[in-house]
Each structure stands twice: as structure tokens, then as C-alpha cells.
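Printed here is protein_24.tsv (TSV, C-alpha atoms):
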chain	number	residue	atom	x	y	z
H	1	MET	CA	6.83	-1.67	27.26
H	2	GLU	CA	7.14	-5.44	26.88
H	3	TRP	CA	6.15	-6.97	23.56
H	4	THR	CA	5.75	-10.68	22.86
H	5	GLU	CA	7.93	-12.24	20.20
H	6	VAL	CA	6.32	-15.25	18.53
H	7	THR	CA	8.56	-17.59	16.57
H	8	ILE	CA	7.14	-20.06	14.06
H	9	THR	CA	9.55	-22.78	12.97
H	10	ILE	CA	8.62	-24.62	9.78
H	11	PRO	CA	10.29	-26.65	7.01
H	12	THR	CA	11.70	-24.25	4.43
H	13	ALA	CA	9.27	-25.47	1.76
H	14	TYR	CA	6.42	-23.90	3.75
H	15	THR	CA	8.11	-20.55	4.45
H	16	ASP	CA	6.01	-18.31	2.21
H	17	ALA	CA	2.69	-19.92	3.16
H	18	ALA	CA	3.55	-19.76	6.87
H	19	ALA	CA	4.58	-16.11	6.59
H	20	ASP	CA	1.33	-15.18	4.84
H	21	ILE	CA	-0.70	-16.75	7.65
H	22	ALA	CA	1.48	-15.10	10.31
H	23	GLN	CA	0.92	-11.73	8.63
H	24	MET	CA	-2.80	-12.06	9.40
H	25	THR	CA	-2.09	-11.63	13.12
H	26	VAL	CA	-0.10	-8.38	12.94
H	27	PRO	CA	-0.48	-5.20	10.84
H	28	TYR	CA	3.15	-4.08	11.00
H	29	GLY	CA	5.25	-6.79	9.41
H	30	LEU	CA	7.50	-9.70	10.25
H	31	TYR	CA	10.92	-11.04	9.44
H	32	ILE	CA	12.07	-14.45	8.31
H	33	GLU	CA	15.21	-16.48	9.01
H	34	ASP	CA	15.82	-18.72	6.01
H	35	TYR	CA	19.33	-20.02	5.37
H	36	SER	CA	18.42	-22.54	2.68
H	37	ASP	CA	20.17	-20.53	-0.05
H	38	LEU	CA	22.87	-18.94	2.10
H	39	GLU	CA	25.79	-19.42	-0.29
H	40	GLU	CA	23.85	-18.29	-3.36
H	41	GLY	CA	22.53	-15.23	-1.55
H	42	ALA	CA	26.00	-14.30	-0.33
H	43	ARG	CA	27.35	-14.40	-3.88
H	44	GLU	CA	24.47	-12.63	-5.60
H	45	ILE	CA	23.60	-10.00	-2.99
H	46	ALA	CA	26.73	-9.35	-0.92
H	47	HIS	CA	29.21	-10.44	-3.64
H	48	ILE	CA	31.27	-12.47	-1.17
H	49	ASP	CA	32.41	-16.09	-1.02
H	50	LEU	CA	33.55	-16.19	2.61
H	51	ILE	CA	30.70	-16.68	5.07
H	52	ASP	CA	30.79	-16.43	8.87
H	53	GLU	CA	31.15	-19.85	10.49
H	54	GLU	CA	28.19	-19.24	12.80
H	55	LEU	CA	25.96	-18.67	9.78
H	56	LEU	CA	27.24	-21.84	8.13
H	57	LYS	CA	26.09	-23.79	11.20
H	58	LYS	CA	22.48	-22.66	10.75
H	59	ASP	CA	19.83	-25.27	9.95
H	60	ARG	CA	19.19	-25.13	6.18
H	61	THR	CA	16.09	-27.33	6.35
H	62	ARG	CA	13.98	-25.07	8.55
H	63	SER	CA	12.91	-21.41	8.54
H	64	ILE	CA	11.80	-19.25	11.44
H	65	VAL	CA	9.13	-16.59	11.03
H	66	HIS	CA	9.21	-13.87	13.72
H	67	ILE	CA	6.24	-11.68	14.58
H	68	TYR	CA	5.77	-9.23	17.44
H	69	LEU	CA	2.61	-8.71	19.46
H	70	SER	CA	2.01	-5.35	21.11
H	71	PRO	CA	1.51	-5.21	24.91
H	72	GLU	CA	-2.27	-4.96	24.58
H	73	ALA	CA	-2.51	-8.03	22.33
H	74	ASN	CA	-3.50	-11.47	23.62
H	75	PRO	CA	-0.63	-13.89	22.89
H	76	ALA	CA	-2.70	-16.97	23.74
H	77	GLU	CA	-5.32	-15.96	21.18
H	78	ALA	CA	-2.67	-15.39	18.48
H	79	LEU	CA	-1.01	-18.74	19.22
H	80	ALA	CA	-4.34	-20.56	19.04
H	81	PHE	CA	-5.14	-18.90	15.71
H	82	LEU	CA	-1.75	-19.73	14.22
H	83	SER	CA	-1.80	-23.33	15.40
H	84	GLU	CA	-5.29	-23.84	14.03
H	85	ARG	CA	-4.49	-22.33	10.63
H	86	TYR	CA	-1.20	-24.16	10.21
H	87	THR	CA	-2.79	-27.46	11.17
H	88	ALA	CA	-5.65	-26.86	8.74
H	89	GLU	CA	-3.16	-26.09	5.93
H	90	GLY	CA	-1.05	-29.14	6.75
H	91	ILE	CA	2.01	-27.06	7.66
H	92	PRO	CA	4.29	-28.73	10.25
H	93	HIS	CA	5.15	-26.10	12.83
H	94	THR	CA	6.58	-25.32	16.25
H	95	LEU	CA	5.51	-22.16	18.07
H	96	GLY	CA	7.58	-20.31	20.65
H	97	THR	CA	7.23	-17.08	22.60
H	98	ALA	CA	9.51	-14.68	24.46
H	99	SER	CA	9.17	-11.26	26.05
H	100	ILE	CA	11.10	-8.47	24.41
H	101	ARG	CA	11.58	-4.79	25.15
H	102	GLU	CA	10.19	-2.37	22.59
H	103	GLU	CA	13.59	-0.87	21.83
H	104	ASP	CA	14.99	-4.36	21.12
H	105	TRP	CA	12.04	-5.24	18.87
H	106	ALA	CA	12.49	-2.03	16.94
H	107	ASN	CA	16.08	-2.92	16.01
H	108	ASN	CA	16.37	-6.72	16.17
H	109	TRP	CA	15.40	-7.28	12.54
H	110	LYS	CA	18.18	-5.05	11.18
H	111	GLN	CA	20.74	-7.84	11.24
H	112	TYR	CA	18.77	-9.62	8.50
H	113	PHE	CA	18.32	-6.64	6.14
H	114	LYS	CA	21.26	-6.67	3.70
H	115	PRO	CA	21.89	-4.87	0.38
H	116	LEU	CA	19.43	-6.15	-2.19
H	117	LYS	CA	19.27	-5.93	-5.98
H	118	THR	CA	15.80	-5.37	-7.40
H	119	GLY	CA	14.82	-5.43	-11.03
H	120	GLU	CA	17.55	-4.44	-13.46
H	121	ARG	CA	18.47	-0.97	-12.24
H	122	LEU	CA	18.21	-0.63	-8.46
H	123	LEU	CA	20.29	-1.61	-5.44
H	124	ILE	CA	18.57	-1.12	-2.09
H	125	CYS	CA	21.00	-0.66	0.78
H	126	PRO	CA	20.08	-0.15	4.46
H	127	LEU	CA	21.64	2.87	6.09
H	128	TRP	CA	23.69	0.80	8.54
H	129	GLU	CA	25.35	-1.30	5.79
H	130	SER	CA	28.24	-0.27	3.54
H	131	VAL	CA	27.33	0.00	-0.12
H	132	PRO	CA	28.74	-2.85	-2.23
H	133	ASP	CA	29.80	-2.32	-5.82
H	134	PRO	CA	26.53	-1.09	-7.42
H	135	GLN	CA	27.60	-2.41	-10.84
H	136	GLY	CA	25.84	0.43	-12.63
H	137	ARG	CA	22.68	0.31	-10.52
H	138	LYS	CA	21.08	3.28	-8.78
H	139	VAL	CA	21.64	3.01	-5.01
H	140	LEU	CA	18.62	3.59	-2.79
H	141	ARG	CA	19.64	4.16	0.85
H	142	ILE	CA	16.91	3.42	3.35
H	143	ASP	CA	16.10	3.13	7.04
H	144	PRO	CA	12.49	1.91	7.14
H	145	GLY	CA	12.18	2.09	10.92
H	146	LEU	CA	8.74	0.71	11.77
H	147	ALA	CA	7.22	1.58	8.38
H	148	PHE	CA	6.58	-1.03	5.70
H	149	GLY	CA	8.93	-1.22	2.74
H	150	THR	CA	12.48	-2.57	2.65
H	151	GLY	CA	12.33	-4.18	-0.77
H	152	GLY	CA	12.64	-7.64	0.72
H	153	HIS	CA	8.97	-8.58	0.57
H	154	HIS	CA	7.52	-10.06	-2.62
H	155	THR	CA	4.98	-7.25	-2.93
H	156	THR	CA	7.57	-4.47	-2.89
H	157	ARG	CA	9.94	-6.26	-5.26
H	158	LEU	CA	7.14	-6.82	-7.75
H	159	CYS	CA	6.08	-3.18	-7.54
H	160	LEU	CA	9.66	-1.98	-8.05
H	161	THR	CA	10.01	-4.22	-11.11
H	162	LEU	CA	6.89	-2.77	-12.75
H	163	LEU	CA	7.97	0.76	-11.78
H	164	GLU	CA	11.12	0.25	-13.85
H	165	LYS	CA	8.91	-0.37	-16.87
H	166	ALA	CA	6.51	2.50	-16.18
H	167	VAL	CA	8.74	5.38	-15.08
H	168	ALA	CA	9.97	7.56	-17.94
H	169	PRO	CA	12.30	10.57	-17.64
H	170	GLY	CA	10.39	13.61	-16.37
H	171	CYS	CA	7.23	11.75	-15.39
H	172	THR	CA	5.36	12.28	-12.11
H	173	LEU	CA	4.60	9.64	-9.48
H	174	LEU	CA	1.97	9.26	-6.77
H	175	ASP	CA	2.63	6.63	-4.07
H	176	VAL	CA	-0.55	5.76	-2.16
H	177	GLY	CA	0.22	4.15	1.20
H	178	CYS	CA	3.86	5.12	0.84
H	179	GLY	CA	5.17	3.46	4.03
H	180	SER	CA	8.94	3.91	4.12
H	181	GLY	CA	8.83	5.92	0.88
H	182	ILE	CA	10.78	3.27	-1.02
H	183	LEU	CA	8.60	3.39	-4.17
H	184	SER	CA	8.62	7.19	-4.38
H	185	ILE	CA	12.38	7.36	-3.95
H	186	ALA	CA	12.90	4.55	-6.44
H	187	GLY	CA	10.75	6.40	-8.97
H	188	LEU	CA	12.85	9.53	-8.60
H	189	LEU	CA	16.08	7.55	-8.96
H	190	LEU	CA	14.65	5.97	-12.11
H	191	GLY	CA	14.00	9.37	-13.68
H	192	ALA	CA	10.72	10.78	-12.37
H	193	SER	CA	10.80	14.55	-11.94
H	194	ARG	CA	8.43	14.66	-8.96
H	195	ALA	CA	6.96	12.19	-6.49
H	196	VAL	CA	4.21	12.56	-3.90
H	197	GLY	CA	3.73	10.02	-1.14
H	198	VAL	CA	0.62	9.80	1.02
H	199	ASP	CA	-0.01	7.64	4.08
H	200	ILE	CA	-2.52	7.62	6.92
H	201	ASP	CA	0.20	6.61	9.42
H	202	PRO	CA	2.06	9.67	10.78
H	203	LEU	CA	5.09	7.48	11.55
H	204	ALA	CA	5.25	6.39	7.91
H	205	VAL	CA	5.02	10.01	6.74
H	206	LYS	CA	7.94	10.99	8.98
H	207	THR	CA	9.99	7.95	7.94
H	208	ALA	CA	9.37	8.49	4.22
H	209	ALA	CA	10.42	12.13	4.44
H	210	GLU	CA	13.61	11.18	6.30
H	211	ASN	CA	14.44	8.51	3.72
H	212	GLY	CA	13.93	11.09	1.01
H	213	ARG	CA	16.49	13.34	2.67
H	214	LEU	CA	18.91	10.39	2.95
H	215	ASN	CA	18.79	10.16	-0.84
H	216	GLY	CA	19.01	13.90	-1.44
H	217	MET	CA	15.31	14.29	-2.24
H	218	GLN	CA	13.25	17.01	-0.62
H	219	PRO	CA	10.26	19.20	-1.59
H	220	PRO	CA	9.26	20.04	-4.21
H	221	ALA	CA	10.82	16.96	-5.86
H	222	PHE	CA	9.56	14.69	-3.08
H	223	THR	CA	6.58	15.56	-0.91
H	224	VAL	CA	4.95	13.36	1.73
H	225	LEU	CA	1.39	13.98	2.89
H	226	ALA	CA	-0.45	12.70	5.94
H	227	GLY	CA	-3.98	11.49	5.23
H	228	ASP	CA	-5.84	9.59	2.55
H	229	LEU	CA	-5.99	9.82	-1.22
H	230	VAL	CA	-9.34	11.57	-1.43
H	231	THR	CA	-8.74	14.39	1.06
H	232	GLN	CA	-5.03	15.14	0.60
H	233	VAL	CA	-3.97	14.63	-3.01
H	234	GLN	CA	-4.56	17.08	-5.83
H	235	GLY	CA	-3.63	16.93	-9.50
H	236	THR	CA	-2.82	14.08	-11.87
H	237	PHE	CA	0.22	11.85	-12.21
H	238	SER	CA	1.87	9.77	-14.92
H	239	VAL	CA	2.25	6.80	-12.56
H	240	VAL	CA	0.27	5.85	-9.46
H	241	ALA	CA	1.61	3.08	-7.23
H	242	SER	CA	-0.40	1.36	-4.49
H	243	ASN	CA	1.47	-1.34	-2.57
H	244	ILE	CA	-1.17	-2.00	0.08
H	245	VAL	CA	-3.75	-4.81	0.38
H	246	ALA	CA	-6.57	-6.10	-1.82
H	247	ASP	CA	-9.42	-4.48	0.12
H	248	ALA	CA	-7.73	-1.07	0.07
H	249	ILE	CA	-7.05	-1.35	-3.67
H	250	ILE	CA	-10.68	-2.22	-4.29
H	251	SER	CA	-11.80	0.80	-2.29
H	252	LEU	CA	-9.37	3.07	-4.16
H	253	ALA	CA	-10.45	1.96	-7.63
H	254	PRO	CA	-13.30	4.51	-7.97
H	255	SER	CA	-10.98	7.41	-7.02
H	256	ILE	CA	-7.68	6.63	-8.75
H	257	GLY	CA	-8.91	7.74	-12.18
H	258	ARG	CA	-9.15	11.36	-11.01
H	259	HIS	CA	-5.43	11.35	-10.28
H	260	LEU	CA	-4.20	9.46	-13.34
H	261	ALA	CA	-2.99	11.57	-16.25
H	262	PRO	CA	-4.00	10.57	-19.81
H	263	GLY	CA	-1.90	7.58	-20.82
H	264	GLY	CA	-0.95	7.00	-17.19
H	265	VAL	CA	-0.44	3.65	-15.47
H	266	TRP	CA	-1.71	2.43	-12.09
H	267	ILE	CA	0.55	-0.17	-10.42
H	268	THR	CA	-1.06	-2.19	-7.64
H	269	SER	CA	0.57	-4.74	-5.35
H	270	GLY	CA	0.03	-6.43	-1.97
H	271	ILE	CA	-2.64	-8.74	-3.40
H	272	ILE	CA	-2.77	-12.35	-2.24
H	273	ASP	CA	-3.52	-14.65	-5.17
H	274	ALA	CA	-6.85	-15.77	-3.67
H	275	ARG	CA	-8.15	-12.19	-3.98
H	276	GLU	CA	-7.32	-11.84	-7.68
H	277	PRO	CA	-10.96	-12.23	-8.90
H	278	ASP	CA	-12.16	-9.51	-6.51
H	279	VAL	CA	-9.46	-7.07	-7.58
H	280	LEU	CA	-9.95	-7.75	-11.28
H	281	ALA	CA	-13.69	-7.15	-10.87
H	282	ALA	CA	-12.96	-3.77	-9.23
H	283	PHE	CA	-10.64	-2.82	-12.09
H	284	ALA	CA	-13.25	-3.67	-14.72
H	285	GLU	CA	-16.06	-1.94	-12.85
H	286	ASN	CA	-14.06	1.28	-12.70
H	287	GLY	CA	-12.83	1.30	-16.29
H	288	PHE	CA	-9.33	-0.16	-15.92
H	289	ALA	CA	-7.71	-2.84	-18.05
H	290	VAL	CA	-4.75	-4.93	-16.90
H	291	THR	CA	-1.69	-4.45	-19.13
H	292	ASP	CA	0.84	-6.39	-17.04
H	293	ARG	CA	0.64	-9.05	-14.33
H	294	MET	CA	3.41	-10.46	-12.15
H	295	GLU	CA	3.31	-13.14	-9.47
H	296	GLU	CA	5.79	-14.21	-6.83
H	297	GLY	CA	5.36	-16.31	-3.71
H	298	GLY	CA	1.56	-16.21	-3.89
H	299	TRP	CA	1.46	-12.41	-4.25
H	300	LEU	CA	0.26	-10.51	-7.31
H	301	CYS	CA	1.13	-7.16	-8.85
H	302	PHE	CA	-0.77	-5.51	-11.72
H	303	ALA	CA	-0.21	-2.61	-14.07
H	304	CYS	CA	-3.47	-1.06	-15.32
H	305	ARG	CA	-4.47	1.66	-17.74
H	306	ARG	CA	-7.80	3.17	-18.64
H	307	ALA	CA	-9.67	0.60	-20.72
H	308	GLU	CA	-10.47	3.10	-23.48
H	309	GLU	CA	-6.73	3.80	-23.90
H	310	THR	CA	-5.90	0.13	-24.39
H	311	GLY	CA	-8.88	-0.89	-26.53
H	312	ARG	CA	-9.78	-3.52	-23.92
H	313	ARG	CA	-13.14	-3.80	-22.21
For this file, write the structure as C-alpha cells.
Amino acid sequence: MEWTEVTITIPTAYTDAAADIAQMTVPYGLYIEDYSDLEEGAREIAHIDLIDEELLKKDRTRSIVHIYLSPEANPAEALAFLSERYTAEGIPHTLGTASIREEDWANNWKQYFKPLKTGERLLICPLWESVPDPQGRKVLRIDPGLAFGTGGHHTTRLCLTLLEKAVAPGCTLLDVGCGSGILSIAGLLLGASRAVGVDIDPLAVKTAAENGRLNGMQPPAFTVLAGDLVTQVQGTFSVVASNIVADAIISLAPSIGRHLAPGGVWITSGIIDAREPDVLAAFAENGFAVTDRMEEGGWLCFACRRAEETGRR
């Protein structure tokens, strides 16, 4: 099948805003070329000082956001939407398109996914890359395939950072909308005794289970379920993580309490800053109080506990 690749070229200052708008046109992710901090990234992430000459020639002043439209999508409609939104937001932009085979689309992004430190204790490394010196960090090996969750997006990084604070040795973890399984696997590496992932996408369920095996984690320590929270999950958990979107978090709020153990924490991410009032209202309405809040690139992540356990109303 032929997909359509759409490229959006913008000044680097507008990268995050342009990517957020681009994400509205596709449900399955994007990737970004941004070489503005090439040298710093090479030192901090890859721990190297020598950089390929071709990379050094890249334009540091502009970024390129790539999205992929499925064969049944209407490229002209997507281009019109993007152009209208970028113009309205005052974002200078150039749009381009190209046809691409599905097998190329499925692998093209891999060249941009490099080993990545997150928080204080984790190093995420794609399966096709050699592991650099972990410097005392736990190494999480991953091949996300077409499922969401590499650790590179703001939402996942924020969630991983709050997981480090919440996960205690021997605790249990529920990952709602587990995608690639990155949060579940991270929780186990950080000391959780058991993790359950659930996702409505069968491809995500398969991918998460395979990533678990890559890291030596199989049932009963790591279980992945196909379906939704209400119909598939039983029992309570010390930590519940939901790296999804604001509307899904709002709809989950009435049900999460049944799966949260006394003293447990609910970590939510994937929330654009404009939706913060709606999400906070859902927390309050369902008896949750925010105990931690993080923000990065216009995205928010919250840690919540039952209001009666915090003394907050």
C-alpha cells in the first residue's frame, strides 16, 4: 500500500507547537528532525564528540515534522487543515508531500531513535542500537514498532519521571493504554513486582508483550491484556499510569478508583496545557487531589491520590 508522507518545515522555535498541530491529523504518531542542539545531544545522549559530517551540514535553524497519511486518507484535506492552522497561529511553514511504501514508513523513523536518558535512573535504548555506558542506569531495550511509546515524546518522559518517584520495591503497576509497554517495563526495572498493561489496540498488545520478553519480563510479572479498563482489569494496584489523551483520562476518572489500592497514586499524562481545567475538574469530581504536576513543551503530567488520603478537597 502507498502512504503519503507529509513534511512540515518550520523555524526551530516553532517545533513543539507545529508538532502538536500536526498530531491532530494522525492518531499514530510522528517524528521530528531537529538539529539545533546536535552537539549537545551527541555529548549527553550518545556520549560522543565526533559527529558525522553529513549531520553537521544539516540546517540548524529549521525543523522538519514528518507525518504519514494512510491510503484511505485525503492528503489535500490534511494539507488544507495544516496550512490553515499554522497560518492562524502565525507559524511560518512549508508543506511537502511524497508517496511512500508501507514497509518504508514502518522503518524510516528508526534512524532518529537513539539511546535516551530519562529521569535519574533509566536509559532507553532501541533494539537496533548498541547500548552505551549506562552509568548506573537501568537499561530498557525497546522496539516500539507502530505502537506509541519510545520515551522521546514529552508525555512519555514526564510519565517516566513521575514513575521514578511513585514506584517502590515490591509495588504493583497498572498501565492503561500501554502502547509499546514502555511504562510497564520501566516500572518493573524500577522495582515493581508485577505490572499489567491494557490496550484496545491488538498491535500494541502484541508489541508490549514482545518488548517485555526483550527485557526478560513475562507473565506473571508482566501481563498484557487486550481491551479496556472496565472489562479486562481486575484487582487493585499501587500505581496506575495513563499516558493517553485528556478526553480518555476524563472518561477514566470515575473508574480508576476501583483499581487503586489504599495509598496508591494515579499518574496521568498526554494532556495538552489548554485542557488542564477540564482534567482538573474531572479529578475533583471523582475524589482525586493532585499531589504533583509537571510540564514540558506544552504537555502536562499529574500525580493524583484520593483526596481523603491527602487532606485536600
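Between atom CA of Glu308 of chain H and atom CA of Pro254 of chain H lies a distance of 15.8 Å.
Checking H:Gly179, H:Gly298, H:Pro277, H:Gly152 one by one against Ile244 of chain H, counting only C-alpha atoms, you find the shortest gap at H:Gly179.
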- [ ] Tell me which protein, DNA and RNA residues are within 12 Å of Gly297 of chain H, counting all atoms listed in the file, leaving out same-chain ones fewer than 4 positions away, and put them as number ranges by chain.
- [x] H: 13-20, 153-155, 157-158, 270-273, 301
Protein, DNA and RNA residues within 12 Å of (-1.8, -21.6, 17.9), all atoms listed in the file, as a tab-separated table (two decimals) with C-alpha atoms, in the coordinates of the input:
chain	number	residue	atom	x	y	z
H	6	VAL	CA	6.32	-15.25	18.53
H	7	THR	CA	8.56	-17.59	16.57
H	8	ILE	CA	7.14	-20.06	14.06
H	21	ILE	CA	-0.70	-16.75	7.65
H	22	ALA	CA	1.48	-15.10	10.31
H	25	THR	CA	-2.09	-11.63	13.12
H	74	ASN	CA	-3.50	-11.47	23.62
H	75	PRO	CA	-0.63	-13.89	22.89
H	76	ALA	CA	-2.70	-16.97	23.74
H	77	GLU	CA	-5.32	-15.96	21.18
H	78	ALA	CA	-2.67	-15.39	18.48
H	79	LEU	CA	-1.01	-18.74	19.22
H	80	ALA	CA	-4.34	-20.56	19.04
H	81	PHE	CA	-5.14	-18.90	15.71
H	82	LEU	CA	-1.75	-19.73	14.22
H	83	SER	CA	-1.80	-23.33	15.40
H	84	GLU	CA	-5.29	-23.84	14.03
H	85	ARG	CA	-4.49	-22.33	10.63
H	86	TYR	CA	-1.20	-24.16	10.21
H	87	THR	CA	-2.79	-27.46	11.17
H	88	ALA	CA	-5.65	-26.86	8.74
H	93	HIS	CA	5.15	-26.10	12.83
H	94	THR	CA	6.58	-25.32	16.25
H	95	LEU	CA	5.51	-22.16	18.07
H	96	GLY	CA	7.58	-20.31	20.65
H	97	THR	CA	7.23	-17.08	22.60
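Note that atom CA of Val265 of chain H and atom CA of Ala253 of chain H are 12.8 Å apart.
The protein and nucleic acid residues lying at most 8 Å from Leu190 of chain H are Arg121, Lys138, Glu164, Val167, Ala168 and Pro169 of chain H, with only C-alpha atoms considered and sequence neighbours fewer than 5 positions away removed.
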Task: Atomic distance atom CA of Gly197 of chain H - atom CA of Thr223 of chain H, expressed in Å with one decimal - done: 6.2 Å
Open item on the list: Counting only C-alpha atoms, which residues sit no farther than 10 Å from the position (-1.0, 6.3, -18.7) in the file's frame? I'd like them as JSON, numbers by chain.
Closed with: {"H": [166, 237, 238, 239, 240, 260, 261, 262, 263, 264, 265, 266, 304, 305, 306, 309, 310]}
Open item on the list: Which residues are close to Ala192 of chain H, i.e. within 6 Å by all atoms listed in the file, leaving aside same-chain residues fewer than 4 positions away? Reply as an NGL selection string.
Closed with: :H and (169-172 or 187-188)
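Comparing the minimum interatomic distances between Leu162 of chain H and each of H:Leu123, H:Leu183, H:Val26, H:Ala246, counting only C-alpha atoms, we find that H:Leu183 sits nearest.
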Open item on the list: I'd like the neighbourhood of Thr12 of chain H as a PyMOL selection string, where a residue qualifies if any of its atoms comes within 6 Å (using all atoms listed in the file), though same-chain residues fewer than 4 positions away should be ignored.
Closed with: chain H and resi 61-63
Residues from the last selection, C-alpha atoms, saved as a short mmCIF file (atom, residue, chain, number, x, y, z; two decimals), keeping the file's coordinate frame:
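After the write, again16.cif holds the following:
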data_model
loop_
_atom_site.label_atom_id
_atom_site.label_comp_id
_atom_site.auth_asym_id
_atom_site.auth_seq_id
_atom_site.Cartn_x
_atom_site.Cartn_y
_atom_site.Cartn_z
CA THR H 61 16.09 -27.33 6.35
CA ARG H 62 13.98 -25.07 8.55
CA SER H 63 12.91 -21.41 8.54
#
